[in-house]
$ cat upload.txt   # compact mmCIF, C-alpha atoms
# COMPACT_ATOMS: atom_id res chain seq x y z
CA MET A 71 47.73 -6.78 -1.83
CA PRO A 72 45.96 -3.79 -0.28
CA ALA A 73 42.48 -4.41 1.12
CA HIS A 74 41.14 -1.07 -0.16
CA LEU A 75 41.65 -0.63 -3.91
CA TYR A 76 39.91 2.67 -4.71
CA SER A 77 36.81 4.81 -4.10
CA SER A 78 34.42 5.78 -6.84
CA PRO A 79 34.25 9.54 -7.51
CA ILE A 80 30.48 9.18 -7.97
CA GLU A 81 30.14 9.28 -4.18
CA ARG A 82 31.24 12.94 -4.19
CA LEU A 83 28.24 13.73 -6.40
CA ILE A 84 25.61 11.68 -4.59
CA GLN A 85 27.10 11.74 -1.07
CA ASN A 86 24.95 9.04 0.51
CA GLY A 87 27.80 7.22 2.25
CA GLU A 88 31.25 6.04 1.27
CA LEU A 89 30.55 2.39 2.08
CA PHE A 90 28.87 1.57 -1.21
CA TYR A 91 31.51 3.39 -3.29
CA ASN A 92 34.63 1.87 -1.76
CA VAL A 93 36.03 -1.09 -3.68
CA ASN A 94 37.56 -3.40 -1.06
CA LEU A 95 39.17 -6.63 -2.16
CA TYR A 96 38.99 -8.38 1.20
CA GLY A 97 38.58 -7.88 4.93
CA SER A 98 38.80 -9.76 8.23
CA ASP A 99 35.79 -11.06 10.08
CA TYR A 100 34.71 -9.52 13.38
CA GLY A 101 36.22 -11.43 16.31
CA THR A 102 38.50 -13.57 14.12
CA ASN A 103 41.38 -13.18 11.71
CA ASN A 104 39.63 -15.02 8.88
CA VAL A 105 40.12 -13.35 5.51
CA ARG A 106 36.92 -12.88 3.53
CA LEU A 107 36.77 -11.56 -0.01
CA PHE A 108 34.45 -8.64 -0.85
CA LEU A 109 35.34 -8.25 -4.56
CA PHE A 110 32.63 -5.93 -5.99
CA ALA A 111 30.28 -6.17 -2.97
CA PRO A 112 30.31 -3.75 -0.02
CA TRP A 113 30.73 -6.62 2.49
CA ALA A 114 31.34 -10.37 2.42
CA PRO A 115 27.77 -11.68 3.10
CA ALA A 116 26.54 -9.58 0.18
CA LEU A 117 28.99 -11.43 -2.07
CA GLY A 118 27.60 -14.72 -0.75
CA LEU A 119 24.08 -13.53 -1.59
CA ILE A 120 25.05 -12.63 -5.16
CA GLY A 121 26.87 -15.94 -5.57
CA ASN A 122 23.71 -17.81 -4.59
CA ILE A 123 21.49 -15.73 -6.88
CA TYR A 124 23.80 -16.10 -9.87
CA PHE A 125 24.02 -19.86 -9.25
CA PHE A 126 20.28 -20.33 -9.72
CA LEU A 127 20.15 -17.95 -12.67
CA ALA A 128 22.98 -19.94 -14.27
CA LEU A 129 20.99 -23.17 -13.83
CA GLU A 130 18.42 -21.89 -16.33
CA GLU A 131 21.05 -20.97 -18.95
CA PRO A 132 20.35 -23.08 -22.10
CA ASN A 133 23.96 -22.93 -23.35
CA LYS A 134 25.85 -25.72 -21.59
CA LYS A 135 29.23 -23.95 -21.74
CA TRP A 136 28.01 -20.70 -20.16
CA ARG A 137 25.85 -22.65 -17.73
CA TRP A 138 28.87 -24.42 -16.22
CA ILE A 139 30.98 -21.26 -16.25
CA GLY A 140 28.23 -19.49 -14.33
CA ILE A 141 27.75 -22.35 -11.85
CA VAL A 142 31.45 -22.70 -11.04
CA SER A 143 31.98 -18.94 -10.79
CA SER A 144 28.99 -18.40 -8.51
CA LEU A 145 30.04 -21.26 -6.25
CA ALA A 146 33.52 -19.73 -6.03
CA MET A 147 31.97 -16.39 -5.00
CA SER A 148 30.00 -18.09 -2.23
CA ILE A 149 33.06 -19.96 -0.97
CA VAL A 150 35.45 -16.99 -0.82
CA SER A 151 32.80 -14.90 0.97
CA VAL A 152 32.93 -17.41 3.87
CA SER A 153 29.25 -16.67 4.49
CA ARG A 154 27.63 -19.39 6.57
CA LEU A 155 24.18 -18.70 5.17
CA SER A 156 25.40 -18.90 1.57
CA PHE A 157 26.65 -22.44 2.24
CA ILE A 158 23.33 -23.75 3.56
CA ALA A 159 21.07 -21.61 1.34
CA LEU A 160 21.94 -23.47 -1.87
CA PRO A 161 20.50 -26.88 -0.84
CA ILE A 162 17.60 -25.30 1.04
CA VAL A 163 16.47 -23.10 -1.87
CA PHE A 164 17.06 -25.79 -4.51
CA THR A 165 15.07 -28.41 -2.59
CA SER A 166 12.27 -25.98 -1.68
CA VAL A 167 11.70 -24.71 -5.21
CA LEU A 168 12.00 -28.22 -6.66
CA LEU A 169 9.22 -29.43 -4.37
CA LEU A 170 7.07 -26.33 -4.89
CA THR A 171 7.22 -26.59 -8.69
CA LYS A 172 6.33 -30.30 -8.62
CA ILE A 173 3.90 -30.27 -5.71
CA THR A 174 0.91 -31.05 -7.97
CA LYS A 175 2.45 -34.30 -9.25
CA PRO A 176 1.30 -37.51 -7.52
CA THR A 177 4.85 -38.86 -7.21
CA THR A 178 5.90 -35.76 -5.26
CA GLN A 179 2.92 -36.02 -2.94
CA ILE A 180 3.58 -39.71 -2.29
CA ALA A 181 7.26 -39.01 -1.61
CA LEU A 182 6.39 -36.20 0.81
CA GLY A 183 3.94 -38.44 2.62
CA PHE A 184 6.60 -41.13 2.96
CA VAL A 185 9.14 -38.60 4.25
CA SER A 186 6.59 -37.25 6.75
CA PHE A 187 5.94 -40.80 7.95
CA LEU A 188 9.65 -41.44 8.52
CA ALA A 189 10.12 -38.02 10.15
CA GLY A 190 7.36 -38.86 12.61
CA ILE A 191 9.01 -42.15 13.55
CA PHE A 192 12.47 -40.64 13.95
CA SER A 193 11.28 -37.26 15.25
CA THR A 194 13.56 -37.32 18.30
CA ALA A 195 16.66 -37.89 16.18
CA VAL A 196 15.54 -35.25 13.66
CA VAL A 197 14.97 -32.60 16.36
CA SER A 198 18.33 -33.43 17.95
CA ALA A 199 20.08 -33.13 14.57
CA ILE A 200 18.45 -29.75 13.94
CA LYS A 201 19.59 -28.47 17.35
CA ASP A 202 23.14 -29.70 16.75
CA THR A 203 23.22 -28.06 13.33
CA LYS A 204 21.94 -24.77 14.76
CA GLU A 205 24.55 -24.86 17.51
CA ALA A 206 27.35 -25.62 15.04
CA PHE A 207 26.12 -22.77 12.83
CA TYR A 208 26.19 -20.39 15.81
CA ASN A 209 29.61 -21.55 17.07
CA ALA A 210 31.24 -21.24 13.65
CA ARG A 211 31.57 -17.50 14.38
CA PRO A 212 30.18 -16.93 17.88
CA ASP A 213 31.05 -13.21 18.05
CA SER A 214 29.22 -12.48 14.82
CA SER A 215 26.23 -14.58 15.91
CA ARG A 216 26.09 -12.78 19.25
CA VAL A 217 26.12 -9.35 17.56
CA HIS A 218 23.40 -10.38 15.10
CA GLU A 219 21.18 -11.67 17.90
CA ALA A 220 21.72 -8.59 20.05
CA LEU A 221 20.96 -6.27 17.12
CA GLY A 222 17.62 -8.01 16.60
CA VAL A 223 16.66 -7.86 20.27
CA ILE A 224 17.55 -4.17 20.62
CA ALA A 225 15.81 -3.24 17.36
CA LEU A 226 12.59 -4.91 18.55
CA GLU A 227 12.76 -3.22 21.94
CA LYS A 228 13.34 0.22 20.45
CA TRP A 229 10.64 -0.33 17.81
CA LYS A 230 8.06 -0.10 20.63
CA GLU A 231 9.02 3.56 20.99
CA ALA A 232 7.71 4.35 17.47
CA PRO A 233 5.60 1.38 16.34
CA ILE A 234 3.66 2.97 13.46
CA TRP A 235 6.20 4.95 11.42
CA GLY A 236 9.47 3.87 13.05
CA HIS A 237 12.43 6.06 13.92
CA GLY A 238 13.13 7.08 10.32
CA PHE A 239 16.86 6.31 10.43
CA ARG A 240 19.35 3.82 11.78
CA GLU A 241 21.24 4.63 14.96
CA ALA A 242 24.90 4.72 13.93
CA PRO A 243 27.32 3.99 15.30
CA GLY A 244 25.84 1.46 17.71
CA PRO A 245 27.14 0.72 21.21
CA LYS A 246 30.39 -1.19 21.70
CA VAL A 247 28.51 -4.31 22.76
CA LEU A 248 27.22 -4.41 19.16
CA ALA A 249 30.71 -3.81 17.72
CA GLU A 250 29.42 -0.32 16.84
CA MET A 251 27.07 -1.81 14.22
CA PRO A 252 24.09 0.46 13.41
CA ILE A 253 20.88 -0.45 15.20
CA GLY A 254 18.38 -1.47 12.54
CA SER A 255 20.90 -3.27 10.34
CA HIS A 256 21.80 -6.95 9.78
CA HIS A 257 18.15 -8.04 9.59
CA THR A 258 15.71 -6.76 6.98
CA TRP A 259 12.52 -7.37 8.96
CA PHE A 260 13.73 -6.04 12.31
CA GLY A 261 15.38 -3.15 10.47
CA LEU A 262 12.12 -2.27 8.75
CA LEU A 263 10.27 -2.26 12.06
CA PHE A 264 12.90 -0.07 13.69
CA VAL A 265 13.42 2.40 10.82
CA LYS A 266 10.01 2.47 9.08
CA GLY A 267 7.65 0.92 11.60
CA ILE A 268 4.76 -1.40 10.91
CA VAL A 269 3.85 0.67 7.82
CA GLY A 270 7.18 -0.03 6.15
CA PHE A 271 7.07 -3.65 7.31
CA ILE A 272 3.70 -4.27 5.64
CA ALA A 273 4.72 -2.30 2.53
CA PHE A 274 7.57 -4.79 2.03
CA LEU A 275 5.71 -7.93 3.15
CA VAL A 276 2.68 -7.62 0.87
CA PRO A 277 4.62 -7.40 -2.46
CA ILE A 278 6.82 -10.31 -1.35
CA LEU A 279 3.79 -12.52 -0.67
CA LEU A 280 1.96 -11.55 -3.85
CA SER A 281 5.09 -12.04 -5.97
CA PHE A 282 5.64 -15.46 -4.42
CA ILE A 283 2.07 -16.59 -5.18
CA VAL A 284 2.18 -15.38 -8.80
CA LEU A 285 5.60 -16.90 -9.48
CA LEU A 286 4.65 -20.18 -7.80
CA ILE A 287 1.65 -20.53 -10.12
CA LYS A 288 3.61 -19.63 -13.24
CA ALA A 289 6.62 -21.77 -12.26
CA GLN A 290 4.53 -24.91 -12.78
CA LYS A 291 4.80 -24.30 -16.55
CA SER A 292 7.49 -21.64 -17.11
CA THR A 293 11.26 -22.01 -16.68
CA THR A 294 11.59 -18.20 -16.53
CA ALA A 295 9.17 -18.07 -13.60
CA ARG A 296 11.07 -20.90 -11.95
CA GLY A 297 14.32 -18.93 -12.20
CA ALA A 298 12.54 -15.89 -10.73
CA LEU A 299 11.17 -18.05 -7.92
CA TYR A 300 14.69 -19.27 -7.16
CA PHE A 301 15.77 -15.65 -6.89
CA LEU A 302 12.85 -14.59 -4.69
CA VAL A 303 13.25 -17.49 -2.24
CA THR A 304 17.01 -16.84 -2.02
CA LEU A 305 16.44 -13.15 -1.36
CA LEU A 306 13.77 -13.96 1.22
CA LEU A 307 16.14 -16.31 3.05
CA PHE A 308 18.90 -13.69 3.15
CA THR A 309 16.55 -11.05 4.57
CA PHE A 310 17.01 -12.77 7.93
CA ASN A 311 20.78 -12.26 7.74
CA ASP A 312 21.24 -8.76 6.33
CA SER A 313 19.44 -5.60 5.23
CA GLN A 314 18.67 -6.20 1.56
CA GLU A 315 17.05 -2.89 0.58
CA ALA A 316 20.50 -1.31 0.06
CA LEU A 317 21.79 -4.10 -2.21
CA GLY A 318 19.33 -3.78 -5.09
CA TYR A 319 22.09 -2.46 -7.37
CA LEU A 320 23.84 -5.84 -6.97
CA TYR A 321 20.97 -8.30 -7.41
CA TYR A 322 19.13 -6.31 -10.12
CA PRO A 323 19.52 -9.17 -12.69
CA GLY A 324 17.17 -11.20 -10.49
CA LEU A 325 14.69 -8.31 -10.44
CA ILE A 326 14.82 -8.18 -14.25
CA ILE A 327 14.07 -11.92 -14.43
CA MET A 328 11.12 -11.35 -12.10
CA GLY A 329 9.80 -8.62 -14.39
CA ILE A 330 10.11 -10.89 -17.43
CA ALA A 331 8.31 -13.69 -15.56
CA PHE A 332 5.48 -11.37 -14.50
CA LYS A 333 5.00 -10.18 -18.06
CA GLU A 334 5.19 -13.66 -19.57
CA GLU A 335 1.90 -15.27 -20.47
CA VAL A 336 1.81 -18.90 -19.40
CA GLN A 337 -0.48 -21.13 -21.40
CA VAL A 338 -2.63 -23.20 -19.08
CA PRO A 339 -4.24 -26.21 -20.77
CA LYS A 340 -7.99 -25.88 -20.90
CA SER A 341 -10.06 -28.53 -19.19
CA SER A 342 -12.14 -30.79 -21.34
CA LEU A 343 -15.15 -29.63 -19.33
CA ASN A 344 -14.77 -26.18 -20.86
CA LYS A 345 -14.98 -27.45 -24.42
CA LYS A 346 -18.19 -26.81 -26.27
CA PRO A 347 -20.13 -30.02 -26.96
CA GLU A 348 -20.33 -31.05 -30.57
CA ALA A 349 -23.67 -30.34 -32.25
CA ALA A 350 -25.96 -33.36 -32.24
CA TYR A 351 -27.67 -32.22 -35.42
CA THR A 352 -26.43 -30.55 -38.53
$ encode --input "upload.txt" --output "structure tokens"
Amino acid sequence: MPAHLYSSPIERLIQNGELFYNVNLYGSDYGTNNVRLFLFAPWAPALGLIGNIYFFLALEEPNKKWRWIGIVSSLAMSIVSVSRLSFIALPIVFTSVLLLTKITKPTTQIALGFVSFLAGIFSTAVVSAIKDTKEAFYNARPDSSRVHEALGVIALEKWKEAPIWGHGFREAPGPKVLAEMPIGSHHTWFGLLFVKGIVGFIAFLVPILLSFIVLLIKAQKSTTARGALYFLVTLLLFTFNDSQEALGYLYYPGLIIMGIAFKEEVQVPKSSLNKKPEAAYT
């Protein structure tokens, strides 16, 4: 089957780049001959991101039939994307949000204390396991890892040339040592510093932090807020792997869930101290 299926004619009207209007079924990874499916995403890691987001949205589906269809389909999307981050993001995000939404319960606090105690005893083995995992993650596709690391280093170095407002655009194409990848891509935070400077960096960081705090509070009582928190933590994790500002048209269902969660009023039980005392006399 052909890798490139068709190009949307909408690009001729908007003309902001053919990349987001080309429908490519699959492609080969840089430095290898591994086939990775794109499907409806512009590149394979974006498909892995959407697979992860849809997985957590499907978890909150009340209908059991559609819940399992969504879970299996989203896992399939993550697998065929062959995205390393999408494989490890699922357990990381699930465990993180599970702990955050139950952090106020005594059983969770006791369990965390016990885990911290064991981690302190076996700290050497834990640190060694983390290093081995990081090395295996890097060596799974060394060429891609090398390009990602070099893009980050160069973006930070060039950011010093325009620290306040940034350069205003990505440098494309990049040098051959970067496989001609645009400088300012493949990392949301470094890309923001390079393109939009510290102003753009803060403009993105502040809403992320405020949204996380609000959703974390509401997620203690609301399943909608918990689904939105799953989405936000997944998106935050993928910001270290790719530039996410251009993919909003793909993960917009998560943004809608966030909007619903923000608008939702969560009933917090009133403390007995706030109750008015009963009248002693009639």
$ residues_around --input "upload.txt" --residues "range 298-312 of chain A" --least-positions-apart "4" --cutoff "6 Å" --atoms "all atoms listed in the file" --output "PyMOL selection string"
chain A and resi 123+256-258+285+324+327-328
$ residues_near_point --input "upload.txt" --point "(3.9, -14.7, -19.4)" --cutoff "9 Å" --atoms "all atoms listed in the file" --output "number ranges by chain"
A: 288, 292, 294-295, 330-337
$ residues_around --input "upload.txt" --residues "Leu109 in chain A" --least-positions-apart "5" --cutoff "10 Å" --atoms "only C-alpha atoms" --output "PyMOL selection string"
chain A and resi 73+75+93-96+114+117+147+150-151
$ residues_near_point --input "upload.txt" --point "(20.6, 0.9, 15.3)" --cutoff "6 Å" --atoms "only C-alpha atoms" --output "PyMOL selection string"
chain A and resi 240-242+244+252-254
$ residues_around --input "upload.txt" --residues "Glu227 in chain A" --least-positions-apart "5" --cutoff "12 Å" --atoms "only C-alpha atoms" --output "list of chain:residue names"
A:Ala220, A:Leu221, A:Gly222, A:Ala232, A:Pro233, A:Gly236, A:Ile253, A:Gly254, A:Phe260, A:Gly261, A:Leu263, A:Phe264
$ atom_distance --input "upload.txt" --atom1 "CA of Gly118 in chain A" --atom2 "CA of Ile272 in chain A"
26.9 Å
$ residues_around --input "upload.txt" --residues "range 199-205 of chain A" --least-positions-apart "3" --cutoff "12 Å" --atoms "all atoms listed in the file" --output "PyMOL selection string"
chain A and resi 154-155+158+189+192-196+208-212+215
$ atom_distance --input "upload.txt" --atom1 "CA of Gln314 in chain A" --atom2 "CA of Ile162 in chain A"
19.1 Å
$ residues_around --input "upload.txt" --residues "Tyr76 in chain A" --least-positions-apart "2" --cutoff "7 Å" --atoms "only C-alpha atoms" --output "list in words"
His74, Ser78, Asn92 and Val93 of chain A
$ atom_distance --input "upload.txt" --atom1 "CA of Asp213 in chain A" --atom2 "CA of Phe110 in chain A"
25.2 Å
$ closest_residue --input "upload.txt" --among "A:Arg106, A:Arg296, A:Lys172, A:Lys134" --to "Ser148 in chain A" --atoms "only C-alpha atoms"
A:Arg106
